[in-house]
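One structure is given here, and the rest of the page talks about it.
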Amino acid sequence: MREAIAADGEAHRALLAGEDARPALRHAAERYRASWEAAPPGSYGRLVGYAKASILAGDNPLALVRDQLGAGDRTPPACWARALAYLADDNDQRAIRAAEGMYKGSEPFGRAADAVIALANADRDGYRAAIGAIVADFEARDAHLTGVPIADTALVLERLAEARGLAAHPESRLLPHVDDVRAILTGTHVWAVVGCSPDPARDSHRIASMLQRRGYTVIPVNPRATEILGERCYPTLQAVPQPVEVVDVFRRAAAAGAHVDEAIAIGARAVWMQLGVIDEAAAERGRAAGLRVVMDRCPAIELPRLGL
C-alpha cells in the first residue's frame, strides 16, 4: 500500500503542476491493484485508489472492479469503487444504485454520493453544489493521504463530469488550474452559433455539425435561414427562447464586439470567437462581465488537442 500511495503522490504533484501525469497515474493504478490482490478481504480503499488513478489516466476501471466485488460487498468504500467504475462506463443507473449504498458511511461518502447521483441524472446545479461541498471539505483538512494537498475526489469527479459537459471547474488551491478553452469545452452543453451557414461547405456549418456529433446542443443564429442541421434557426441571439451557455461567433472581427455584448445581455456563460476573429476590447468586456472568453481558436482543433 505504501508504494501505491507514493506513486499516487507523484501523480498528484504532476497534476497540480499541469504536467502529463498519465504514466504516473497508470503506475499508481498498477500498485493499487497489486496491493488489493495482496491485502486481506475488505480492503476496499485500494480498489477506490485503483479506480481513481485509472479514471484520471483516461482508463476505464470497470472490468477489475466488477470482477473483484461480489454481491455481498456493500460497504460504503465498496459502493464508492462501484459508483466510480459505473460512471466511467456510462452505466448511470448502476452508478446511482451503488451511490445509494454510500450514504451508510461518513459525511464525505454522502457528499461524494450526492455528486455521483447528480452526474448520473445530468443535474448540473446539484452537481455544482455537491462538488463545491467536496472541495470545501478537502480545503478544511490538515492532512492528505499522499502527503500532497489535492482534492483528488473532486478532481476525479470533474474528469467524469467533463465527458458529460457538466464540469463545474471550482477554483481551489487544491485543484489544477483550468484554462478557458478546456473549461468551455467540458463545462457547457448549449452553444448558439452566430453566423451559422446552411451551406455544408462553409466552416460555420462544418463546426456546428461537429459540435452536434460531439453531443452539444447547437442553436443556429442566422437571419437568412429558418432551419440548419435539423434545428430551428433564429434571427438574433435575443430571439433564442432557451438559455444559451456559449455564444460561438462566426462573423467578421468588426462585427464580433456586438455579439459579445449580446452574449453578456442574454446571460451566456462564455463567448468563443473562431479562428481569425479577434477583438481584444470585446474580449475584455466579456471577461469583465464574468464570462469565459476564447478568441482566435477552433473547437475542432482544441478538442483533439486536449484529448477530449
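To be explicit about the labels: the chains of the C-alpha cells are called A, B, and onward in the order shown, and within each one the residues are counted from 1, while ligands get numbers from 1 in the order they are shown.
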
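Using only C-alpha atoms, the residues found no farther than 12 Å from Ser43 (chain A), other than those of its own chain fewer than 6 positions away, are Met1, Tyr32, Arg33, Ser35, Trp36, Glu37, Gly49, Tyr50, Gln68, Leu69, Asp73, Thr75, Pro76, Pro77, Ala78 and Ala81 of chain A.
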
Residues from the last selection, C-alpha atoms, saved as a PDB file, in the first residue's frame:
ATOM      1  CA  MET A   1       0.000   0.000   0.000  1.00  0.00           C
ATOM      2  CA  TYR A  32      -3.123  -0.209  -6.053  1.00  0.00           C
ATOM      3  CA  ARG A  33      -4.171  -3.308  -7.955  1.00  0.00           C
ATOM      4  CA  SER A  35      -1.875  -4.026  -3.140  1.00  0.00           C
ATOM      5  CA  TRP A  36      -5.544  -5.073  -3.396  1.00  0.00           C
ATOM      6  CA  GLU A  37      -4.610  -8.554  -4.552  1.00  0.00           C
ATOM      7  CA  GLY A  49      -7.464   4.170  -5.311  1.00  0.00           C
ATOM      8  CA  TYR A  50      -7.243   1.961  -8.391  1.00  0.00           C
ATOM      9  CA  GLN A  68     -13.387  -8.235  -7.693  1.00  0.00           C
ATOM     10  CA  LEU A  69     -16.582  -7.150  -5.938  1.00  0.00           C
ATOM     11  CA  ASP A  73     -19.561  -6.289  -0.877  1.00  0.00           C
ATOM     12  CA  THR A  75     -19.747  -1.300   2.485  1.00  0.00           C
ATOM     13  CA  PRO A  76     -19.574   2.423   1.598  1.00  0.00           C
ATOM     14  CA  PRO A  77     -15.997   2.128   0.199  1.00  0.00           C
ATOM     15  CA  ALA A  78     -17.022  -0.846  -1.971  1.00  0.00           C
ATOM     16  CA  ALA A  81     -15.468   1.975  -6.081  1.00  0.00           C
TER      17      ALA A  81
END

Apply DSSP to the backbone of this structure and, from region 112-212 of chain A, keep only the residues in alpha helix (DSSP H); write these as JSON, numbers by chain.
{"A": [112, 113, 114, 115, 116, 117, 118, 119, 120, 124, 125, 126, 127, 128, 129, 130, 131, 132, 133, 134, 135, 136, 137, 138, 139, 152, 153, 154, 155, 156, 157, 158, 159, 160, 161, 162, 180, 181, 182, 183, 184, 185, 186, 187, 203, 204, 205, 206, 207, 208, 209, 210, 211, 212]}

I'd like the neighbourhood of Glu231 (chain A) as a ChimeraX atom specification, where a residue qualifies if any of its atoms comes within 8 Å (using only C-alpha atoms), though same-chain residues fewer than 4 positions away should be ignored.
/A:218-220,227

Quick one: residues within 12 Å of Gly18 (chain A), only C-alpha atoms counted, chain neighbours fewer than 6 positions away excluded, as a VMD selection string?
chain A and resid 11 to 12 175 to 179

Near Arg182 (chain A), counting only C-alpha atoms, which residues have an atom at most 9 Å away, once you skip same-chain residues fewer than 6 positions from it, shown as a ChimeraX atom specification?
/A:162,302-303,306

With N, CA, C and O atoms retained, write the just-selected residues as a short mmCIF file (atom, residue, chain, number, x, y, z; two decimals), in the first residue's frame.
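The resulting file, part_33.cif, is shown below:
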data_model
loop_
_atom_site.label_atom_id
_atom_site.label_comp_id
_atom_site.auth_asym_id
_atom_site.auth_seq_id
_atom_site.Cartn_x
_atom_site.Cartn_y
_atom_site.Cartn_z
N GLU A 162 -16.46 16.18 -17.06
CA GLU A 162 -16.01 16.77 -18.32
C GLU A 162 -16.55 16.01 -19.53
O GLU A 162 -16.96 16.61 -20.51
N GLU A 302 -9.16 22.22 -30.90
CA GLU A 302 -8.90 22.16 -29.46
C GLU A 302 -9.38 20.87 -28.82
O GLU A 302 -8.73 20.34 -27.89
N LEU A 303 -10.50 20.32 -29.28
CA LEU A 303 -10.99 19.07 -28.68
C LEU A 303 -9.98 17.94 -28.78
O LEU A 303 -9.63 17.31 -27.77
N LEU A 306 -6.78 18.49 -26.65
CA LEU A 306 -6.95 18.24 -25.22
C LEU A 306 -7.28 16.79 -24.92
O LEU A 306 -7.46 16.42 -23.76
#

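Looking only at region 62-257 of chain A, the set that DSSP places in strand (DSSP E) from backbone geometry is Val190, Trp191, Ala192, Val193, Val194, Thr217, Val218, Ile219, Pro220, Val221, Glu227, Ile228, Glu231, Arg232, Val246, Val247, Asp248 and Val249 of chain A.
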
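Proximity of A:Ala300, A:Ala183, A:Leu166, A:Ala7 to Asp125 (chain A), computed with only C-alpha atoms, is greatest for A:Leu166.
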
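Across the model, the gap from CA of Leu174 (chain A) to CA of Arg297 (chain A) is 28.6 Å.
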
When you look at Asn91 (chain A) with a cut-off of 10 Å (counting only C-alpha atoms), what residues show up, excluding the ones that are within fewer than 6 positions of it in the same chain? I need them as a ChimeraX atom specification.
/A:83,85,120

Writing out the chosen residues with N, CA, C and O atoms as a compact mmCIF listing (two decimals), in the first residue's frame:
# COMPACT_ATOMS: atom_id res chain seq x y z
N ALA A 83 -19.44 2.84 -7.84
CA ALA A 83 -20.05 4.04 -8.42
C ALA A 83 -19.11 4.72 -9.41
O ALA A 83 -19.51 5.13 -10.50
N ALA A 85 -16.62 3.31 -11.07
CA ALA A 85 -16.43 2.45 -12.24
C ALA A 85 -17.64 2.50 -13.17
O ALA A 85 -17.49 2.57 -14.40
N ALA A 120 -25.07 11.35 -12.75
CA ALA A 120 -25.84 10.32 -13.45
C ALA A 120 -27.18 10.85 -13.94
O ALA A 120 -27.70 10.40 -14.97

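Taking CA of Ala53 (chain A) and CA of Leu87 (chain A) as the two end points, the separation is 14.3 Å.
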
Nearby residues (only C-alpha atoms) at most 8 Å from region 144-156 of chain A, same-chain spacing under 4 positions excluded, as a PyMOL selection string
chain A and resi 5-6+8-9+12-13+16+52+55-56+112+131+134-135+138-139+160+173-175

Restricting the calculation to only C-alpha atoms, which member of A:Ile264, A:Val48, A:Ala130, A:Ala253 is positioned closest to Arg111 (chain A)?
A:Ala130

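Nearest-residue note for Arg232 (chain A): choosing from A:Val193, A:Arg214, A:Ala167, A:Gly126, the minimum distance belongs to A:Val193, counting only C-alpha atoms.
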
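Checking A:Ile228, A:Ala14, A:Ala270, A:Cys79 one by one against Gly45 (chain A), counting only C-alpha atoms, you find the shortest gap at A:Cys79.
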
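Of the residues listed (A:Val181, A:Ala161, A:Ala225, A:Ala63), A:Val181 shows the shortest atom-to-atom separation from Gln274 (chain A); distances use only C-alpha atoms.
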